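**Student:** Next up, coords_10.cif (mmCIF, N, CA and C atoms).
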data_start
#
loop_
_atom_site.label_atom_id
_atom_site.label_comp_id
_atom_site.auth_asym_id
_atom_site.auth_seq_id
_atom_site.Cartn_x
_atom_site.Cartn_y
_atom_site.Cartn_z
N MET A 15 27.33 22.43 -9.10
CA MET A 15 27.86 21.25 -8.47
C MET A 15 26.69 20.35 -8.04
N ALA A 16 26.72 19.13 -8.45
CA ALA A 16 25.65 18.18 -8.11
C ALA A 16 25.89 17.60 -6.72
N ARG A 17 24.81 17.41 -5.99
CA ARG A 17 24.93 16.81 -4.67
C ARG A 17 24.55 15.34 -4.75
N GLN A 18 25.02 14.57 -3.80
CA GLN A 18 24.68 13.15 -3.76
C GLN A 18 23.38 12.95 -2.99
N MET A 19 22.66 11.90 -3.38
CA MET A 19 21.41 11.58 -2.69
C MET A 19 21.73 10.94 -1.34
N ASN A 20 20.91 11.25 -0.35
CA ASN A 20 21.09 10.59 0.93
C ASN A 20 20.37 9.24 0.93
N ASP A 21 20.52 8.48 2.01
CA ASP A 21 19.94 7.13 2.07
C ASP A 21 18.43 7.14 1.94
N LEU A 22 17.76 8.11 2.57
CA LEU A 22 16.30 8.19 2.49
C LEU A 22 15.84 8.45 1.05
N GLU A 23 16.53 9.35 0.37
CA GLU A 23 16.17 9.64 -1.02
C GLU A 23 16.40 8.42 -1.91
N ARG A 24 17.52 7.71 -1.68
CA ARG A 24 17.82 6.51 -2.47
C ARG A 24 16.76 5.43 -2.26
N SER A 25 16.38 5.19 -0.99
CA SER A 25 15.40 4.15 -0.72
C SER A 25 14.02 4.55 -1.25
N SER A 26 13.68 5.83 -1.17
CA SER A 26 12.40 6.30 -1.70
C SER A 26 12.35 6.14 -3.21
N LEU A 27 13.44 6.47 -3.89
CA LEU A 27 13.50 6.33 -5.34
C LEU A 27 13.41 4.86 -5.75
N LYS A 28 14.09 3.99 -4.99
CA LYS A 28 14.04 2.56 -5.29
C LYS A 28 12.61 2.03 -5.12
N ALA A 29 11.95 2.41 -4.04
CA ALA A 29 10.57 1.97 -3.79
C ALA A 29 9.64 2.49 -4.88
N PHE A 30 9.82 3.74 -5.29
CA PHE A 30 8.99 4.31 -6.34
C PHE A 30 9.19 3.56 -7.66
N ASN A 31 10.42 3.27 -8.01
CA ASN A 31 10.70 2.54 -9.25
C ASN A 31 10.10 1.15 -9.24
N GLU A 32 10.15 0.46 -8.09
CA GLU A 32 9.55 -0.87 -7.99
C GLU A 32 8.03 -0.79 -8.13
N GLN A 33 7.44 0.22 -7.49
CA GLN A 33 5.99 0.39 -7.58
C GLN A 33 5.58 0.72 -9.02
N LEU A 34 6.35 1.56 -9.68
CA LEU A 34 6.07 1.93 -11.06
C LEU A 34 6.18 0.72 -11.98
N GLU A 35 7.21 -0.07 -11.80
CA GLU A 35 7.40 -1.27 -12.62
C GLU A 35 6.25 -2.26 -12.40
N ASN A 36 5.86 -2.45 -11.14
CA ASN A 36 4.80 -3.40 -10.85
C ASN A 36 3.44 -2.92 -11.34
N SER A 37 3.19 -1.62 -11.28
CA SER A 37 1.87 -1.14 -11.68
C SER A 37 1.68 -1.18 -13.19
N PHE A 38 2.75 -0.95 -13.95
CA PHE A 38 2.61 -0.96 -15.40
C PHE A 38 3.02 -2.29 -16.01
N GLY A 39 3.81 -3.07 -15.30
CA GLY A 39 4.32 -4.32 -15.85
C GLY A 39 3.42 -5.51 -15.62
N LEU A 40 2.42 -5.38 -14.75
CA LEU A 40 1.56 -6.51 -14.44
C LEU A 40 0.27 -6.48 -15.24
N LYS A 41 -0.12 -7.66 -15.69
CA LYS A 41 -1.36 -7.77 -16.44
C LYS A 41 -2.01 -9.10 -16.11
N ALA A 42 -3.31 -9.08 -15.89
CA ALA A 42 -4.07 -10.30 -15.62
C ALA A 42 -4.79 -10.73 -16.89
N ILE A 43 -4.52 -11.95 -17.32
CA ILE A 43 -5.10 -12.50 -18.54
C ILE A 43 -6.09 -13.60 -18.14
N PRO A 44 -7.38 -13.46 -18.54
CA PRO A 44 -8.35 -14.50 -18.17
C PRO A 44 -8.01 -15.83 -18.85
N ILE A 45 -8.06 -16.92 -18.07
CA ILE A 45 -7.75 -18.24 -18.63
C ILE A 45 -8.92 -19.20 -18.47
N SER A 46 -10.01 -18.72 -17.90
CA SER A 46 -11.20 -19.56 -17.78
C SER A 46 -12.44 -18.69 -17.93
N GLY A 47 -13.56 -19.33 -18.05
CA GLY A 47 -14.81 -18.59 -18.08
C GLY A 47 -15.26 -18.26 -16.66
N GLU A 48 -16.30 -17.50 -16.57
CA GLU A 48 -16.85 -17.11 -15.27
C GLU A 48 -17.57 -18.30 -14.64
N ASP A 49 -17.32 -18.55 -13.34
CA ASP A 49 -18.00 -19.64 -12.66
C ASP A 49 -19.32 -19.16 -12.06
N VAL A 50 -20.01 -20.03 -11.34
CA VAL A 50 -21.32 -19.69 -10.79
C VAL A 50 -21.26 -18.57 -9.75
N ASN A 51 -20.08 -18.35 -9.17
CA ASN A 51 -19.90 -17.27 -8.19
C ASN A 51 -19.50 -15.96 -8.84
N GLY A 52 -19.31 -15.97 -10.15
CA GLY A 52 -18.92 -14.75 -10.87
C GLY A 52 -17.42 -14.53 -10.91
N MET A 53 -16.64 -15.55 -10.54
CA MET A 53 -15.19 -15.40 -10.51
C MET A 53 -14.56 -16.07 -11.71
N THR A 54 -13.37 -15.58 -12.09
CA THR A 54 -12.63 -16.10 -13.23
C THR A 54 -11.19 -16.34 -12.80
N TRP A 55 -10.54 -17.36 -13.38
CA TRP A 55 -9.13 -17.59 -13.14
C TRP A 55 -8.33 -16.70 -14.09
N TYR A 56 -7.31 -16.02 -13.54
CA TYR A 56 -6.45 -15.15 -14.32
C TYR A 56 -5.00 -15.61 -14.19
N SER A 57 -4.29 -15.56 -15.31
CA SER A 57 -2.85 -15.78 -15.31
C SER A 57 -2.19 -14.41 -15.18
N ILE A 58 -1.22 -14.28 -14.30
CA ILE A 58 -0.56 -13.00 -14.07
C ILE A 58 0.70 -12.93 -14.92
N ASN A 59 0.79 -11.92 -15.76
CA ASN A 59 1.96 -11.68 -16.59
C ASN A 59 2.69 -10.44 -16.09
N LYS A 60 4.01 -10.52 -16.01
CA LYS A 60 4.81 -9.38 -15.60
C LYS A 60 5.74 -9.02 -16.74
N ASN A 61 5.63 -7.79 -17.22
CA ASN A 61 6.41 -7.30 -18.35
C ASN A 61 6.27 -8.21 -19.57
N GLY A 62 5.05 -8.69 -19.80
CA GLY A 62 4.76 -9.49 -20.98
C GLY A 62 5.09 -10.97 -20.85
N ARG A 63 5.59 -11.40 -19.70
CA ARG A 63 5.96 -12.81 -19.51
C ARG A 63 5.14 -13.40 -18.37
N PRO A 64 4.68 -14.63 -18.53
CA PRO A 64 3.89 -15.27 -17.46
C PRO A 64 4.75 -15.49 -16.22
N THR A 65 4.16 -15.23 -15.06
CA THR A 65 4.85 -15.46 -13.79
C THR A 65 4.67 -16.90 -13.33
N GLY A 66 3.70 -17.59 -13.91
CA GLY A 66 3.39 -18.95 -13.49
C GLY A 66 2.34 -18.99 -12.40
N ASP A 67 1.89 -17.82 -11.97
CA ASP A 67 0.87 -17.74 -10.92
C ASP A 67 -0.51 -17.55 -11.54
N GLN A 68 -1.49 -18.17 -10.90
CA GLN A 68 -2.88 -18.03 -11.33
C GLN A 68 -3.71 -17.58 -10.13
N ILE A 69 -4.54 -16.59 -10.35
CA ILE A 69 -5.35 -16.00 -9.29
C ILE A 69 -6.82 -16.08 -9.69
N ARG A 70 -7.69 -16.42 -8.74
CA ARG A 70 -9.14 -16.45 -8.97
C ARG A 70 -9.71 -15.15 -8.40
N ALA A 71 -10.37 -14.37 -9.26
CA ALA A 71 -10.87 -13.07 -8.82
C ALA A 71 -12.10 -12.68 -9.65
N PHE A 72 -12.75 -11.59 -9.22
CA PHE A 72 -13.93 -11.09 -9.92
C PHE A 72 -13.56 -10.31 -11.19
N ASN A 73 -12.40 -9.65 -11.19
CA ASN A 73 -11.98 -8.87 -12.37
C ASN A 73 -10.45 -8.78 -12.41
N ARG A 74 -9.92 -8.22 -13.48
CA ARG A 74 -8.48 -8.15 -13.68
C ARG A 74 -7.78 -7.31 -12.61
N THR A 75 -8.39 -6.19 -12.26
CA THR A 75 -7.79 -5.30 -11.27
C THR A 75 -7.66 -6.00 -9.93
N GLU A 76 -8.70 -6.70 -9.53
CA GLU A 76 -8.66 -7.43 -8.27
C GLU A 76 -7.61 -8.54 -8.31
N ALA A 77 -7.46 -9.20 -9.45
CA ALA A 77 -6.46 -10.26 -9.58
C ALA A 77 -5.04 -9.71 -9.38
N VAL A 78 -4.75 -8.56 -9.98
CA VAL A 78 -3.43 -7.94 -9.81
C VAL A 78 -3.24 -7.50 -8.36
N ASP A 79 -4.27 -6.93 -7.75
CA ASP A 79 -4.17 -6.51 -6.35
C ASP A 79 -3.90 -7.71 -5.43
N ILE A 80 -4.59 -8.80 -5.67
CA ILE A 80 -4.39 -10.01 -4.85
C ILE A 80 -2.96 -10.52 -5.05
N TRP A 81 -2.50 -10.55 -6.28
CA TRP A 81 -1.14 -11.02 -6.56
C TRP A 81 -0.13 -10.14 -5.83
N ASN A 82 -0.32 -8.84 -5.87
CA ASN A 82 0.61 -7.93 -5.17
C ASN A 82 0.62 -8.19 -3.67
N LYS A 83 -0.53 -8.47 -3.08
CA LYS A 83 -0.59 -8.71 -1.65
C LYS A 83 -0.01 -10.06 -1.24
N LEU A 84 -0.21 -11.07 -2.08
CA LEU A 84 0.26 -12.41 -1.73
C LEU A 84 1.70 -12.68 -2.13
N ILE A 85 2.08 -12.24 -3.29
CA ILE A 85 3.39 -12.60 -3.85
C ILE A 85 4.45 -11.55 -3.52
N MET A 86 4.13 -10.31 -3.70
CA MET A 86 5.10 -9.25 -3.47
C MET A 86 5.25 -9.00 -1.97
N PRO A 87 6.49 -8.74 -1.51
CA PRO A 87 6.70 -8.50 -0.07
C PRO A 87 6.08 -7.21 0.41
#
Would you give me this structure, written as structure tokens?
**Tutor:**
Amino acid sequence: MARQMNDLERSSLKAFNEQLENSFGLKAIPISGEDVNGMTWYSINKNGRPTGDQIRAFNRTEAVDIWNKLIMP
């Protein structure tokens, strides 16, 4: 007999799925060359589609991290 998930399990699973989607679905694509400070503008794509957001960062990983902190709740 299968048991039902409680509210904590449901919310944990939902949070995990969102984190999983965001970690694999986000990609930073460079759209400019490196400036004198060593930074590049990146376009953020989610699941292969542009989000319309552009982030200035030192590398792709940092651009995705910044996007997650600024855009995602």
**Student:** Smallest atom-to-atom distance to Met53 in chain A: which of A:Ala71, A:Leu40, A:Ile85, A:Val78, using only C-alpha atoms?
**Tutor:**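 Closest candidate: A:Ala71.
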**Student:** Would you pick out the contacts of Asn51 in chain A at 8 Å or less, using only N, CA and C atoms, so that residues sharing its chain but fewer than 3 positions from it are not included, and give the list as a list of chain:residue names?
**Tutor:**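 The residues satisfying every condition are A:Glu48, A:Thr54, A:Phe72.
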**Student:** I need the output of the PyMOL selection byres ((chain A and resi 58) around 7) for this file as a VMD selection string; which residues are they?
**Tutor:** chain A and resid 40 to 43 56 to 57 59 to 60 63 to 69
**Student:** May I ask for the distance between atom N of Ile45 in chain A and atom C of Ala29 in chain A, given in Å to one decimal place?
**Tutor:**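 Atom-to-atom, atom N of Ile45 in chain A and atom C of Ala29 in chain A are spaced 29.4 Å apart.
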**Student:** Among chain A, which residues carry a DSSP assignment of helix (DSSP H, G or I), reported as a PyMOL selection string?
**Tutor:** chain A and resi 21-39+74-84
**Student:** What is the atom N of Glu76 in chain A to atom C of Leu27 in chain A distance in Å?
**Tutor:**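 Taking atom N of Glu76 in chain A as the start and atom C of Leu27 in chain A as the end point, the length is 25.2 Å.
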**Student:** Do you have the CA of Asp79 in chain A-CA of Gly47 in chain A distance handy?
**Tutor:**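 Computing it gives 19.9 Å between the two atoms.
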**Student:** Given the block above, output chain A with C-alpha atoms as a PDB file, in the first residue's frame.
**Tutor:**
ATOM      1  CA  MET A  15       0.000   0.000   0.000  1.00  0.00           C
ATOM      2  CA  ALA A  16       1.451   3.346  -1.035  1.00  0.00           C
ATOM      3  CA  ARG A  17       1.427   6.223   1.407  1.00  0.00           C
ATOM      4  CA  GLN A  18       0.792   9.844   0.543  1.00  0.00           C
ATOM      5  CA  MET A  19       3.501  12.470   0.839  1.00  0.00           C
ATOM      6  CA  ASN A  20       3.145  14.997   3.613  1.00  0.00           C
ATOM      7  CA  ASP A  21       3.391  18.771   3.063  1.00  0.00           C
ATOM      8  CA  LEU A  22       7.092  18.925   3.982  1.00  0.00           C
ATOM      9  CA  GLU A  23       7.965  16.159   1.526  1.00  0.00           C
ATOM     10  CA  ARG A  24       5.899  17.826  -1.220  1.00  0.00           C
ATOM     11  CA  SER A  25       7.531  21.223  -0.705  1.00  0.00           C
ATOM     12  CA  SER A  26      11.013  19.661  -0.540  1.00  0.00           C
ATOM     13  CA  LEU A  27      10.410  17.768  -3.779  1.00  0.00           C
ATOM     14  CA  LYS A  28       9.095  20.921  -5.471  1.00  0.00           C
ATOM     15  CA  ALA A  29      12.143  22.929  -4.348  1.00  0.00           C
ATOM     16  CA  PHE A  30      14.493  20.172  -5.514  1.00  0.00           C
ATOM     17  CA  ASN A  31      12.829  20.006  -8.945  1.00  0.00           C
ATOM     18  CA  GLU A  32      13.075  23.790  -9.356  1.00  0.00           C
ATOM     19  CA  GLN A  33      16.740  23.748  -8.359  1.00  0.00           C
ATOM     20  CA  LEU A  34      17.422  20.867 -10.747  1.00  0.00           C
ATOM     21  CA  GLU A  35      15.660  22.631 -13.620  1.00  0.00           C
ATOM     22  CA  ASN A  36      17.517  25.876 -12.974  1.00  0.00           C
ATOM     23  CA  SER A  37      20.928  24.272 -12.627  1.00  0.00           C
ATOM     24  CA  PHE A  38      20.717  22.301 -15.868  1.00  0.00           C
ATOM     25  CA  GLY A  39      18.423  24.590 -17.830  1.00  0.00           C
ATOM     26  CA  LEU A  40      20.458  27.778 -17.531  1.00  0.00           C
ATOM     27  CA  LYS A  41      23.282  28.696 -19.837  1.00  0.00           C
ATOM     28  CA  ALA A  42      25.272  31.906 -20.213  1.00  0.00           C
ATOM     29  CA  ILE A  43      26.186  32.773 -23.799  1.00  0.00           C
ATOM     30  CA  PRO A  44      28.867  35.459 -24.335  1.00  0.00           C
ATOM     31  CA  ILE A  45      27.566  38.340 -26.458  1.00  0.00           C
ATOM     32  CA  SER A  46      30.529  40.702 -26.250  1.00  0.00           C
ATOM     33  CA  GLY A  47      34.268  40.612 -26.005  1.00  0.00           C
ATOM     34  CA  GLU A  48      36.196  41.061 -22.795  1.00  0.00           C
ATOM     35  CA  ASP A  49      36.458  44.679 -21.618  1.00  0.00           C
ATOM     36  CA  VAL A  50      39.432  46.352 -19.913  1.00  0.00           C
ATOM     37  CA  ASN A  51      38.223  45.059 -16.519  1.00  0.00           C
ATOM     38  CA  GLY A  52      38.139  41.463 -17.770  1.00  0.00           C
ATOM     39  CA  MET A  53      34.347  41.274 -17.807  1.00  0.00           C
ATOM     40  CA  THR A  54      32.061  40.051 -20.594  1.00  0.00           C
ATOM     41  CA  TRP A  55      28.341  40.532 -21.257  1.00  0.00           C
ATOM     42  CA  TYR A  56      26.403  37.247 -21.233  1.00  0.00           C
ATOM     43  CA  SER A  57      22.909  36.481 -22.472  1.00  0.00           C
ATOM     44  CA  ILE A  58      21.109  34.063 -20.140  1.00  0.00           C
ATOM     45  CA  ASN A  59      19.260  31.196 -21.818  1.00  0.00           C
ATOM     46  CA  LYS A  60      16.852  28.954 -19.931  1.00  0.00           C
ATOM     47  CA  ASN A  61      16.082  25.556 -21.461  1.00  0.00           C
ATOM     48  CA  GLY A  62      17.557  26.701 -24.767  1.00  0.00           C
ATOM     49  CA  ARG A  63      15.520  29.916 -25.003  1.00  0.00           C
ATOM     50  CA  PRO A  64      16.747  33.451 -24.271  1.00  0.00           C
ATOM     51  CA  THR A  65      15.312  34.999 -21.105  1.00  0.00           C
ATOM     52  CA  GLY A  66      15.962  38.500 -22.413  1.00  0.00           C
ATOM     53  CA  ASP A  67      18.338  39.200 -19.532  1.00  0.00           C
ATOM     54  CA  GLN A  68      21.966  40.185 -19.956  1.00  0.00           C
ATOM     55  CA  ILE A  69      24.526  39.929 -17.172  1.00  0.00           C
ATOM     56  CA  ARG A  70      28.064  41.380 -17.026  1.00  0.00           C
ATOM     57  CA  ALA A  71      30.434  38.949 -15.323  1.00  0.00           C
ATOM     58  CA  PHE A  72      33.946  37.498 -15.341  1.00  0.00           C
ATOM     59  CA  ASN A  73      32.828  34.031 -16.535  1.00  0.00           C
ATOM     60  CA  ARG A  74      29.753  31.970 -17.430  1.00  0.00           C
ATOM     61  CA  THR A  75      29.379  30.406 -13.994  1.00  0.00           C
ATOM     62  CA  GLU A  76      29.396  33.777 -12.291  1.00  0.00           C
ATOM     63  CA  ALA A  77      26.834  35.108 -14.788  1.00  0.00           C
ATOM     64  CA  VAL A  78      24.415  32.266 -13.989  1.00  0.00           C
ATOM     65  CA  ASP A  79      24.990  32.734 -10.239  1.00  0.00           C
ATOM     66  CA  ILE A  80      24.283  36.471 -10.506  1.00  0.00           C
ATOM     67  CA  TRP A  81      21.135  35.799 -12.547  1.00  0.00           C
ATOM     68  CA  ASN A  82      19.914  33.314  -9.929  1.00  0.00           C
ATOM     69  CA  LYS A  83      20.467  35.825  -7.130  1.00  0.00           C
ATOM     70  CA  LEU A  84      18.877  38.787  -8.908  1.00  0.00           C
ATOM     71  CA  ILE A  85      16.072  37.252 -10.931  1.00  0.00           C
ATOM     72  CA  MET A  86      15.063  34.102  -9.097  1.00  0.00           C
ATOM     73  CA  PRO A  87      13.241  34.566  -5.759  1.00  0.00           C
TER      74      PRO A  87
END
